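Engineer: Structure file start.cif, mmCIF, C-alpha atoms, is pasted below:
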data_work
loop_
_atom_site.group_PDB
_atom_site.id
_atom_site.type_symbol
_atom_site.label_atom_id
_atom_site.label_comp_id
_atom_site.auth_asym_id
_atom_site.auth_seq_id
_atom_site.Cartn_x
_atom_site.Cartn_y
_atom_site.Cartn_z
ATOM 1 C CA MET A 1 13.178 33.347 32.969
ATOM 2 C CA ARG A 2 12.458 30.792 30.262
ATOM 3 C CA THR A 3 16.017 29.523 30.554
ATOM 4 C CA ILE A 4 15.781 29.312 34.334
ATOM 5 C CA ASP A 5 12.532 27.386 34.025
ATOM 6 C CA ASP A 6 14.110 25.071 31.455
ATOM 7 C CA HIS A 7 16.880 24.186 33.896
ATOM 8 C CA ALA A 8 14.418 23.463 36.700
ATOM 9 C CA VAL A 9 12.283 21.290 34.411
ATOM 10 C CA TYR A 10 15.334 19.373 33.255
ATOM 11 C CA TRP A 11 16.513 18.576 36.775
ATOM 12 C CA ARG A 12 13.050 17.546 37.940
ATOM 13 C CA ALA A 13 12.852 15.088 35.059
ATOM 14 C CA ARG A 14 16.410 13.899 35.637
ATOM 15 C CA ALA A 15 15.608 13.063 39.271
ATOM 16 C CA GLU A 16 13.010 10.566 38.076
ATOM 17 C CA GLN A 17 15.672 8.439 36.377
ATOM 18 C CA SER A 18 16.855 5.509 38.433
ATOM 19 C CA GLY A 19 20.448 4.699 39.286
ATOM 20 C CA GLU A 20 22.456 2.529 41.634
ATOM 21 C CA PHE A 21 24.422 5.559 42.826
ATOM 22 C CA CYS A 22 22.483 8.557 44.200
ATOM 23 C CA TYR A 23 23.920 12.067 43.962
ATOM 24 C CA LEU A 24 22.201 14.954 45.786
ATOM 25 C CA ALA A 25 23.224 18.476 44.712
ATOM 26 C CA LEU A 26 22.298 21.542 46.783
ATOM 27 C CA GLY A 27 22.961 25.157 45.877
ATOM 28 C CA ASP A 28 21.995 28.055 43.643
ATOM 29 C CA SER A 29 22.105 28.896 39.920
ATOM 30 C CA LEU A 30 25.676 27.600 39.669
ATOM 31 C CA THR A 31 24.445 24.175 40.735
ATOM 32 C CA GLN A 32 21.587 24.456 38.237
ATOM 33 C CA GLY A 33 24.225 24.995 35.548
ATOM 34 C CA TYR A 34 22.841 28.357 34.510
ATOM 35 C CA GLY A 35 24.993 29.878 31.757
ATOM 36 C CA ALA A 36 26.094 26.514 30.340
ATOM 37 C CA SER A 37 24.999 25.430 26.875
ATOM 38 C CA ALA A 38 22.643 22.897 28.483
ATOM 39 C CA PRO A 39 21.740 22.108 32.110
ATOM 40 C CA ASP A 40 23.890 18.981 32.130
ATOM 41 C CA ARG A 41 26.967 20.905 30.978
ATOM 42 C CA GLY A 42 27.284 22.678 34.310
ATOM 43 C CA TYR A 43 29.470 21.145 36.991
ATOM 44 C CA VAL A 44 26.742 18.817 38.278
ATOM 45 C CA GLY A 45 26.251 17.200 34.886
ATOM 46 C CA GLN A 46 29.991 16.964 34.351
ATOM 47 C CA LEU A 47 30.415 15.316 37.760
ATOM 48 C CA VAL A 48 27.661 12.812 36.960
ATOM 49 C CA GLU A 49 29.658 11.664 33.929
ATOM 50 C CA LEU A 50 32.852 11.320 35.974
ATOM 51 C CA VAL A 51 31.148 9.433 38.806
ATOM 52 C CA ALA A 52 29.470 7.045 36.347
ATOM 53 C CA GLN A 53 32.816 6.364 34.674
ATOM 54 C CA ARG A 54 34.606 5.917 37.997
ATOM 55 C CA THR A 55 32.014 3.640 39.618
ATOM 56 C CA GLY A 56 30.786 1.835 36.526
ATOM 57 C CA ALA A 57 27.231 2.358 37.826
ATOM 58 C CA PRO A 58 24.308 4.450 36.537
ATOM 59 C CA VAL A 59 23.886 7.628 38.574
ATOM 60 C CA ARG A 60 20.612 9.060 39.785
ATOM 61 C CA VAL A 61 21.066 12.797 40.320
ATOM 62 C CA VAL A 62 18.671 14.785 42.479
ATOM 63 C CA ASN A 63 19.453 18.466 41.957
ATOM 64 C CA ARG A 64 17.452 20.505 44.470
ATOM 65 C CA SER A 65 19.261 23.779 43.833
ATOM 66 C CA VAL A 66 17.310 26.979 43.148
ATOM 67 C CA CYS A 67 18.414 29.941 41.062
ATOM 68 C CA GLY A 68 18.968 32.940 43.325
ATOM 69 C CA ALA A 69 19.094 30.894 46.530
ATOM 70 C CA THR A 70 20.907 32.272 49.572
ATOM 71 C CA VAL A 71 22.371 30.183 52.380
ATOM 72 C CA ARG A 72 19.324 30.886 54.536
ATOM 73 C CA GLU A 73 17.011 29.717 51.757
ATOM 74 C CA LEU A 74 19.061 26.567 51.316
ATOM 75 C CA VAL A 75 18.580 25.857 55.024
ATOM 76 C CA ASP A 76 14.830 26.346 54.807
ATOM 77 C CA GLU A 77 14.060 24.805 51.421
ATOM 78 C CA GLN A 78 16.778 22.357 50.425
ATOM 79 C CA LEU A 79 18.230 20.743 53.541
ATOM 80 C CA PRO A 80 14.961 18.908 54.291
ATOM 81 C CA GLN A 81 15.702 16.802 51.178
ATOM 82 C CA LEU A 82 18.365 15.015 53.201
ATOM 83 C CA HIS A 83 15.615 13.309 55.185
ATOM 84 C CA GLU A 84 13.958 11.961 52.027
ATOM 85 C CA LEU A 85 17.069 10.446 50.436
ATOM 86 C CA LYS A 86 20.063 8.374 51.411
ATOM 87 C CA PRO A 87 22.505 9.794 48.884
ATOM 88 C CA ASP A 88 25.884 8.305 48.153
ATOM 89 C CA LEU A 89 27.243 11.736 47.260
ATOM 90 C CA VAL A 90 26.246 15.202 48.496
ATOM 91 C CA THR A 91 27.650 18.456 47.120
ATOM 92 C CA VAL A 92 26.898 21.980 48.298
ATOM 93 C CA CYS A 93 27.788 25.171 46.436
ATOM 94 C CA ILE A 94 26.098 28.210 47.992
ATOM 95 C CA GLY A 95 26.856 31.751 49.083
ATOM 96 C CA ALA A 96 27.409 33.742 45.898
ATOM 97 C CA ASN A 97 24.008 35.420 46.262
ATOM 98 C CA ASP A 98 24.874 36.435 49.817
ATOM 99 C CA ALA A 99 27.848 38.557 48.749
ATOM 100 C CA ALA A 100 27.065 42.268 49.250
ATOM 101 C CA ALA A 101 23.619 41.264 50.531
ATOM 102 C CA THR A 102 23.978 39.285 53.764
ATOM 103 C CA PRO A 103 25.815 40.589 56.854
ATOM 104 C CA THR A 104 28.779 38.424 57.730
ATOM 105 C CA GLU A 105 27.514 37.238 61.113
ATOM 106 C CA GLN A 106 24.113 36.386 59.664
ATOM 107 C CA PHE A 107 25.870 34.431 56.925
ATOM 108 C CA ARG A 108 28.055 32.677 59.484
ATOM 109 C CA LYS A 109 25.058 31.548 61.490
ATOM 110 C CA ALA A 110 23.206 30.192 58.447
ATOM 111 C CA PHE A 111 26.266 28.495 56.979
ATOM 112 C CA SER A 112 27.026 26.912 60.348
ATOM 113 C CA THR A 113 23.516 25.441 60.302
ATOM 114 C CA VAL A 114 24.240 23.951 56.880
ATOM 115 C CA CYS A 115 27.485 22.375 58.083
ATOM 116 C CA GLU A 116 25.853 20.900 61.172
ATOM 117 C CA ALA A 117 23.036 19.344 59.128
ATOM 118 C CA LEU A 118 25.121 17.759 56.378
ATOM 119 C CA PRO A 119 26.134 14.099 56.568
ATOM 120 C CA ALA A 120 29.756 13.115 56.974
ATOM 121 C CA GLY A 121 31.495 12.994 53.631
ATOM 122 C CA ALA A 122 29.539 15.863 52.072
ATOM 123 C CA PHE A 123 31.573 18.090 49.744
ATOM 124 C CA VAL A 124 31.192 21.804 50.472
ATOM 125 C CA THR A 125 32.623 24.732 48.520
ATOM 126 C CA ASP A 126 33.690 28.172 49.508
ATOM 127 C CA ILE A 127 32.509 31.062 47.275
ATOM 128 C CA PRO A 128 33.793 31.602 43.718
ATOM 129 C CA ASP A 129 36.066 34.510 42.946
ATOM 130 C CA PHE A 130 34.078 37.581 41.886
ATOM 131 C CA GLN A 131 36.918 39.050 39.804
ATOM 132 C CA GLY A 132 37.136 42.276 41.831
ATOM 133 C CA GLY A 133 34.796 45.075 42.953
ATOM 134 C CA HIS A 134 33.028 45.708 46.261
ATOM 135 C CA ALA A 135 31.019 42.501 45.976
ATOM 136 C CA GLY A 136 34.306 40.730 45.344
ATOM 137 C CA GLU A 137 35.694 41.926 48.658
ATOM 138 C CA GLN A 138 32.587 40.722 50.463
ATOM 139 C CA ALA A 139 32.691 37.401 48.612
ATOM 140 C CA ARG A 140 36.298 36.838 49.677
ATOM 141 C CA GLY A 141 35.355 37.491 53.278
ATOM 142 C CA LEU A 142 32.437 35.075 53.128
ATOM 143 C CA ALA A 143 34.593 32.486 51.361
ATOM 144 C CA ALA A 144 36.972 32.618 54.320
ATOM 145 C CA VAL A 145 34.018 32.035 56.656
ATOM 146 C CA CYS A 146 33.024 28.992 54.585
ATOM 147 C CA ARG A 147 36.491 27.504 54.834
ATOM 148 C CA GLU A 148 36.644 28.163 58.568
ATOM 149 C CA LEU A 149 33.316 26.492 59.275
ATOM 150 C CA VAL A 150 33.870 23.520 56.994
ATOM 151 C CA GLY A 151 37.253 23.053 58.652
ATOM 152 C CA ALA A 152 35.547 23.019 62.042
ATOM 153 C CA HIS A 153 33.476 20.007 60.931
ATOM 154 C CA PRO A 154 36.020 17.218 60.276
ATOM 155 C CA GLY A 155 33.418 15.018 58.603
ATOM 156 C CA LEU A 156 32.935 17.514 55.762
ATOM 157 C CA VAL A 157 35.223 17.783 52.751
ATOM 158 C CA PRO A 158 36.215 21.284 51.560
ATOM 159 C CA VAL A 159 36.165 22.131 47.865
ATOM 160 C CA ALA A 160 38.390 25.040 46.813
ATOM 161 C CA VAL A 161 36.163 26.817 44.310
ATOM 162 C CA GLU A 162 37.494 30.301 45.059
ATOM 163 C CA ALA A 163 41.013 29.232 44.128
ATOM 164 C CA ALA A 164 39.767 27.330 41.072
ATOM 165 C CA THR A 165 37.895 30.347 39.693
ATOM 166 C CA THR A 166 40.523 33.013 40.330
ATOM 167 C CA GLY A 167 41.716 34.471 37.044
ATOM 168 C CA MET A 168 38.855 33.202 34.886
ATOM 169 C CA ALA A 169 39.075 34.612 31.355
ATOM 170 C CA PHE A 170 36.264 36.458 29.589
ATOM 171 C CA ASN A 171 35.749 33.512 27.261
ATOM 172 C CA GLU A 172 34.968 31.280 30.236
ATOM 173 C CA PHE A 173 31.794 33.226 31.041
ATOM 174 C CA SER A 174 28.374 33.123 29.419
ATOM 175 C CA ASP A 175 26.635 36.210 28.032
ATOM 176 C CA GLY A 176 26.363 38.872 30.729
ATOM 177 C CA PHE A 177 29.378 37.473 32.628
ATOM 178 C CA ALA A 178 27.202 36.478 35.604
ATOM 179 C CA HIS A 179 27.747 32.731 35.169
ATOM 180 C CA PRO A 180 30.377 30.442 33.670
ATOM 181 C CA ASP A 181 29.994 28.841 30.277
ATOM 182 C CA ASP A 182 30.819 25.163 29.705
ATOM 183 C CA SER A 183 34.559 25.768 29.899
ATOM 184 C CA GLY A 184 34.196 27.910 33.013
ATOM 185 C CA TYR A 185 32.205 25.172 34.703
ATOM 186 C CA ARG A 186 35.089 22.801 34.081
ATOM 187 C CA ARG A 187 36.981 24.781 36.713
ATOM 188 C CA TYR A 188 34.253 23.923 39.233
ATOM 189 C CA THR A 189 34.230 20.303 38.116
ATOM 190 C CA SER A 190 37.993 20.030 38.533
ATOM 191 C CA ALA A 191 37.824 21.471 42.045
ATOM 192 C CA PHE A 192 35.080 19.049 43.050
ATOM 193 C CA TRP A 193 36.706 16.065 41.368
ATOM 194 C CA ALA A 194 40.026 16.686 43.092
ATOM 195 C CA ALA A 195 38.167 16.147 46.383
ATOM 196 C CA ILE A 196 35.683 13.461 45.288
ATOM 197 C CA GLU A 197 37.861 11.119 43.237
ATOM 198 C CA PRO A 198 40.191 10.024 46.084
ATOM 199 C CA THR A 199 37.150 9.169 48.201
ATOM 200 C CA LEU A 200 35.594 7.086 45.432
ATOM 201 C CA ARG A 201 38.925 5.387 44.757
ATOM 202 C CA GLU A 202 39.165 4.392 48.413
ATOM 203 C CA GLN A 203 35.570 3.133 48.464
ATOM 204 C CA LEU A 204 36.037 1.116 45.284
ATOM 205 C CA GLY A 205 39.436 -0.242 46.230
ATOM 206 C CA GLY A 206 40.853 0.691 42.841
ATOM 207 C CA ARG A 207 38.432 -1.560 40.940
ATOM 208 C CA SER A 208 37.764 1.079 38.260
ATOM 209 C CA SER A 209 40.179 3.119 36.201
ATOM 210 C CA THR A 210 40.339 6.846 36.722
ATOM 211 C CA PRO A 211 38.639 8.762 33.884
ATOM 212 C CA THR A 212 40.396 11.614 32.156
ATOM 213 C CA ARG A 213 38.990 14.821 30.740
#
Please lay out the structure from this file as structure tokens.

Structural biologist:
Amino acid sequence: MRTIDDHAVYWRARAEQSGEFCYLALGDSLTQGYGASAPDRGYVGQLVELVAQRTGAPVRVVNRSVCGATVRELVDEQLPQLHELKPDLVTVCIGANDAAATPTEQFRKAFSTVCEALPAGAFVTDIPDFQGGHAGEQARGLAAVCRELVGAHPGLVPVAVEAATTGMAFNEFSDGFAHPDDSGYRRYTSAFWAAIEPTLREQLGGRSSTPTR
């Protein structure tokens, strides 16, 4: 719990830093970066570095994710943040905590609410690969629901996290194997960046060089 609290404290403090470019991150413990060596070594922190390099502008990141959050909890507790900010970038990674816990139709209804509320251009993932087991079967089914619903909202941009995390090695997980470590989070970052970078390039008109990792 101390580690979870440390992540939440970090992101609250980070949101107070100013920046010309505003990034709003919604999700669960994966968005918090739980399991990484530091909160900013999860995919959100890695994306902040890439966006800053690509835009040449300081990035303000508002990470409203909550460890353990379900899709329904994101609807109730995190989506209202959209009314307080006018973010330049919105990412959503949610649903892992619903696997083996939320009936499919209940999940579909809640995830549909998320899709309907998000602004055009938001980047939305499916659910990471669970590496087998009963929960893995449920996660694959819910991931398919995510892709279906995101596809039904042309303004949203899908992010293929399930494909990116399939076949993760043991050394890409943190202790306990519940979350990625820094290298595992690079899979998430790569999936997001493959979707985000072309959009930024179009917005910037090629004024900045593409960073490499």

Engineer: Show me, as JSON lines, the residues of range 54-94 of chain A having an atom within 12 Å of range 128-152 of chain A, each with the closest atom pair and its distance in Å, using only C-alpha atoms.

Structural biologist:
{"residue": "A:Val71", "atom": "CA", "partner": "A:Cys146", "partner_atom": "CA", "distance": 10.9}
{"residue": "A:Val92", "atom": "CA", "partner": "A:Cys146", "partner_atom": "CA", "distance": 11.2}
{"residue": "A:Cys93", "atom": "CA", "partner": "A:Pro128", "partner_atom": "CA", "distance": 9.2}
{"residue": "A:Ile94", "atom": "CA", "partner": "A:Pro128", "partner_atom": "CA", "distance": 9.4}

Engineer: Rank A:Glu16, A:Asp76, A:Asp181, A:Asp5 by their smallest atom-to-atom distance to Val114 in chain A, using all atoms listed in the file, and report the top residue only.

Structural biologist: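 For Val114 in chain A, the nearest of the candidates is A:Asp76.
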
Engineer: Do you know which residues the PyMOL selection byres ((chain A and resi 44) around 10) returns on this file, as an NGL selection string?

Structural biologist: :A and (23-26 or 30-33 or 39-43 or 45-50 or 61-63 or 91 or 185 or 188-189 or 192)

Engineer: I need the residue nearest Gly121 in chain A from this list: A:Ala99, A:Val75, A:Leu89, A:Val9. Use all atoms listed in the file for the distance.

Structural biologist: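 Distance minimum relative to Gly121 in chain A lands on A:Leu89.
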
Engineer: Using only C-alpha atoms for the distances, tell me which of A:Thr125, A:Thr113, A:Gln53, A:Thr165 is nearest to Leu79 in chain A.

Structural biologist: A:Thr113

Engineer: Ranking A:Ser183, A:Ser65, A:Ala191, A:Thr104 by minimum distance to Gln81 in chain A and counting all atoms listed in the file, which one comes first?

Structural biologist: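 Nearest candidate to Gln81 in chain A out of A:Ser183, A:Ser65, A:Ala191, A:Thr104: A:Ser65.
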
Engineer: Taking every listed atom of range 80-94 of chain A and adding 8 Å to each side, what centre and edge lengths in Å (one decimal) does the axis-aligned box have, as lines of an AutoDock Vina configuration file?

Structural biologist:
center_x = 20.9
center_y = 18.3
center_z = 50.8
size_x = 29.8
size_y = 35.9
size_z = 24.7

Engineer: Nearest to Val90 in chain A among A:Ala122, A:Ala38, A:Cys67, A:Cys115, with distances taken over all atoms listed in the file: which residue is it?

Structural biologist: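 Counting all atoms listed in the file, the residue closest to Val90 in chain A is A:Ala122.
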
Engineer: Do you have the CA of Val124 in chain A-CA of Val157 in chain A distance handy?

Structural biologist: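 Answer for the CA of Val124 in chain A to CA of Val157 in chain A separation: 6.1 Å.
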
Engineer: Please report the interatomic distance between CA of Ala52 in chain A and CA of Phe21 in chain A in Å with one decimal.

Structural biologist: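 Spanning CA of Ala52 in chain A to CA of Phe21 in chain A is a straight-line distance of 8.3 Å.
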
Engineer: If I take CA of Val59 in chain A and CA of Leu118 in chain A, how far is one from the other in Å, to one decimal?

Structural biologist: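 Answer for the CA of Val59 in chain A to CA of Leu118 in chain A separation: 20.5 Å.
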
Engineer: Neighbourhood query: residues within 12 Å of (15.9, 2.4, 33.4), file coordinates, counting only C-alpha atoms; return as a PDB file with C-alpha atoms, in the frame of the given file.

Structural biologist:
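Generated output (part31.pdb):
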ATOM      1  CA  ARG A  14      16.410  13.899  35.637  1.00  0.00           C
ATOM      2  CA  GLU A  16      13.010  10.566  38.076  1.00  0.00           C
ATOM      3  CA  GLN A  17      15.672   8.439  36.377  1.00  0.00           C
ATOM      4  CA  SER A  18      16.855   5.509  38.433  1.00  0.00           C
ATOM      5  CA  GLY A  19      20.448   4.699  39.286  1.00  0.00           C
ATOM      6  CA  GLU A  20      22.456   2.529  41.634  1.00  0.00           C
ATOM      7  CA  PRO A  58      24.308   4.450  36.537  1.00  0.00           C
ATOM      8  CA  VAL A  59      23.886   7.628  38.574  1.00  0.00           C
ATOM      9  CA  ARG A  60      20.612   9.060  39.785  1.00  0.00           C
TER      10      ARG A  60
END

Engineer: Nearest to Cys22 in chain A among A:Glu172, A:Asp98, A:Glu73, A:Asp88, with distances taken over all atoms listed in the file: which residue is it?

Structural biologist: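 Among the listed residues, the smallest separation from Cys22 in chain A belongs to A:Asp88.
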
Engineer: What does the PyMOL selection byres ((chain A and resi 68) around 7) select in this file, as a list of chain:residue names?

Structural biologist: A:Asp28, A:Ser29, A:Val66, A:Cys67, A:Ala69, A:Thr70, A:Asn97
